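Trainee: Okay, handing you the structure first.
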Amino acid sequence: HPDAEEDLRAVVGTVRSTGVDLLTYLQELGSDQDQLDLLTVDGYDHQGGHWLDNISVRAIVSQQRAGNNLWRLKLWDLEREGIQYRLIYAFTPLSKTIHILAVVHRDSFNYEPDHPITRRVLSAYASL
């Protein structure tokens, strides 16, 4: 989503290496169907093996309960380096498509419904 692209550009502008790491992950993810399939397995948490597989996947429960198919992804390899970003995404089952809606630092986003990033994500989600 354009909002996530803007988030990623901001990360690159702040800490280039972090932005490049996130972008590299997204590019590799896009060409690995098995890995994409894991993004809809709530509670998937793996550390070890190929770096692409070192992830933690969680449904955003409050949003799932509200009927919004929203998820968060944590990248363990980056987390261990102190890079604490989350990818917030939507899954549309009919088209089997993952939509990255936001790239947020863990400390700047609390998943609360009234948080400005939550409102922005919900707006982007509604436009899908």
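Letters A, B, ... mark the chains of the structure tokens in the order given; residue numbers begin at 1 per chain; ligand numbers begin at 1, in order shown.
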At a cut-off of 12 Å, using only C-alpha atoms, what residues contact Gly19 in chain A? Leave out same-chain residues fewer than 6 positions from it and give the result as a list in words.

Mentor: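 Listed by chain and then number, they are Ala4, Glu5, Glu6, Asp7, Leu8, Arg9, Ala10, Val11, Val12, Gly13, Tyr25, Leu26, Leu78, Ile83, Gln84, Tyr85, Val103, Val104 and His105 of chain A.
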
Trainee: Restrict the calculation to only C-alpha atoms, then for each residue of range 78-111 of chain A with any atom at most 10 Å from an atom of range 40-64 of chain A give the closest atom pair and their distance in Å to one decimal, rows by chain and rising residue number, as CSV.

Mentor:
residue,atom,partner,partner_atom,distance
A:Leu78,CA,A:Asn54,CA,9.2
A:Glu79,CA,A:Ile55,CA,9.6
A:Arg86,CA,A:Ser56,CA,9.9
A:Leu87,CA,A:Val57,CA,9.8
A:Ile88,CA,A:Ile60,CA,9.0
A:Tyr89,CA,A:Ala59,CA,9.6
A:Ala90,CA,A:Thr40,CA,9.5
A:Phe91,CA,A:Thr40,CA,7.5
A:Pro93,CA,A:Thr40,CA,9.7
A:Ile98,CA,A:Thr40,CA,9.1
A:Tyr111,CA,A:Ile60,CA,7.8

Trainee: Let's have the selection written as an mmCIF file, in the first residue's frame, with N, CA and C atoms.

Mentor:
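Final output, saved to again-v1.cif:
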data_model
loop_
_atom_site.group_PDB
_atom_site.id
_atom_site.type_symbol
_atom_site.label_atom_id
_atom_site.label_comp_id
_atom_site.auth_asym_id
_atom_site.auth_seq_id
_atom_site.Cartn_x
_atom_site.Cartn_y
_atom_site.Cartn_z
ATOM 1 N N LEU A 78 16.056 -9.369 12.479
ATOM 2 C CA LEU A 78 16.209 -7.928 12.644
ATOM 3 C C LEU A 78 16.013 -7.532 14.110
ATOM 4 N N GLU A 79 15.078 -8.187 14.772
ATOM 5 C CA GLU A 79 14.803 -7.904 16.190
ATOM 6 C C GLU A 79 16.062 -8.123 17.031
ATOM 7 N N ARG A 86 7.510 -3.503 12.964
ATOM 8 C CA ARG A 86 6.443 -4.447 12.701
ATOM 9 C C ARG A 86 5.849 -4.126 11.341
ATOM 10 N N LEU A 87 5.508 -5.158 10.625
ATOM 11 C CA LEU A 87 4.783 -4.995 9.373
ATOM 12 C C LEU A 87 3.324 -5.288 9.692
ATOM 13 N N ILE A 88 2.458 -4.346 9.407
ATOM 14 C CA ILE A 88 1.022 -4.506 9.615
ATOM 15 C C ILE A 88 0.424 -4.767 8.243
ATOM 16 N N TYR A 89 -0.328 -5.843 8.144
ATOM 17 C CA TYR A 89 -0.828 -6.216 6.825
ATOM 18 C C TYR A 89 -2.230 -6.797 6.911
ATOM 19 N N ALA A 90 -2.861 -6.839 5.750
ATOM 20 C CA ALA A 90 -4.189 -7.425 5.600
ATOM 21 C C ALA A 90 -4.072 -8.616 4.664
ATOM 22 N N PHE A 91 -4.953 -9.558 4.872
ATOM 23 C CA PHE A 91 -5.041 -10.707 3.974
ATOM 24 C C PHE A 91 -6.446 -10.734 3.405
ATOM 25 N N PRO A 93 -8.745 -13.193 1.563
ATOM 26 C CA PRO A 93 -8.804 -14.616 1.221
ATOM 27 C C PRO A 93 -9.255 -14.918 -0.210
ATOM 28 N N ILE A 98 -1.743 -10.667 0.159
ATOM 29 C CA ILE A 98 -1.250 -9.982 1.355
ATOM 30 C C ILE A 98 -1.015 -8.527 0.966
ATOM 31 N N TYR A 111 -1.404 -0.596 18.824
ATOM 32 C CA TYR A 111 -2.528 -1.387 18.337
ATOM 33 C C TYR A 111 -3.886 -0.949 18.870
#

Trainee: Tell me, in Å to one decimal, how far CA of Leu101 in chain A is from CA of Asp3 in chain A.

Mentor: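 These atoms are spaced 6.3 Å apart.
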
Trainee: Name the residues of range 14-128 of chain A that fall into strand (DSSP E or B) according to DSSP on the backbone, using the chain letters and numbers of this document, as a list in words.

Mentor: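 The strand (DSSP E or B) subset of range 14-128 of chain A is Asp45, Ile55, Ser56, Val57, Arg58, Ala59, Leu70, Trp71, Arg72, Leu73, Lys74, Leu75, Tyr85, Arg86, Leu87, Ile88, Tyr89, Ala90, Phe91, Thr92, Thr97, Ile98, His99, Ile100, Leu101, Ala102, Val103, Val104 and His105 of chain A.
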
Trainee: Looking at only C-alpha atoms, which of A:Trp71, A:Trp76, A:Leu94, A:Leu38 is the one that sits closest to Leu22 in chain A?

Mentor: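 When distances to Leu22 in chain A are compared using only C-alpha atoms, the smallest one comes from A:Trp76.
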
Trainee: Which residue gives the smallest distance to Gly30 in chain A among A:Ile117, A:Val15, A:Ala126, A:Ile100, with only C-alpha atoms counted?

Mentor: A:Ile100

Trainee: Counting only C-alpha atoms, which of A:His99, A:Gly82, A:Leu39, A:Thr14 gets nearest to Leu128 in chain A?

Mentor: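 The shortest atom-to-atom distance to Leu128 in chain A comes from A:His99.
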
Trainee: Kindly indicate which residue among A:Asp21, A:Leu122, A:Leu29, A:Asp34 lies nearest to Gly67 in chain A, using only C-alpha atoms for the distances.

Mentor: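 Nearest candidate to Gly67 in chain A out of A:Asp21, A:Leu122, A:Leu29, A:Asp34: A:Leu122.
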
Trainee: Using DSSP on the backbone, list every residue of chain A that comes out as helix (DSSP H, G or I), and give them as a PyMOL selection string.

Mentor: chain A and resi 2-14+16-29+33-38+51-53+61-65+76-80+106-108+116-126

Trainee: I'd like the interatomic distance between CA of Gln35 in chain A and CA of Pro113 in chain A, to a tenth of an Å.

Mentor: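 According to the coordinates, CA of Gln35 in chain A and CA of Pro113 in chain A are separated by 28.7 Å.
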
Trainee: Have a look at CA of Glu28 in chain A and CA of Arg119 in chain A and let me know their distance in Å, one decimal.

Mentor: 28.7 Å

Trainee: Of the residues A:Arg80, A:Lys96, A:Arg72, A:His1, which is the one nearest to Leu36 in chain A, using only C-alpha atoms?

Mentor: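 Of the candidates, the smallest distance to Leu36 in chain A is held by A:Lys96.
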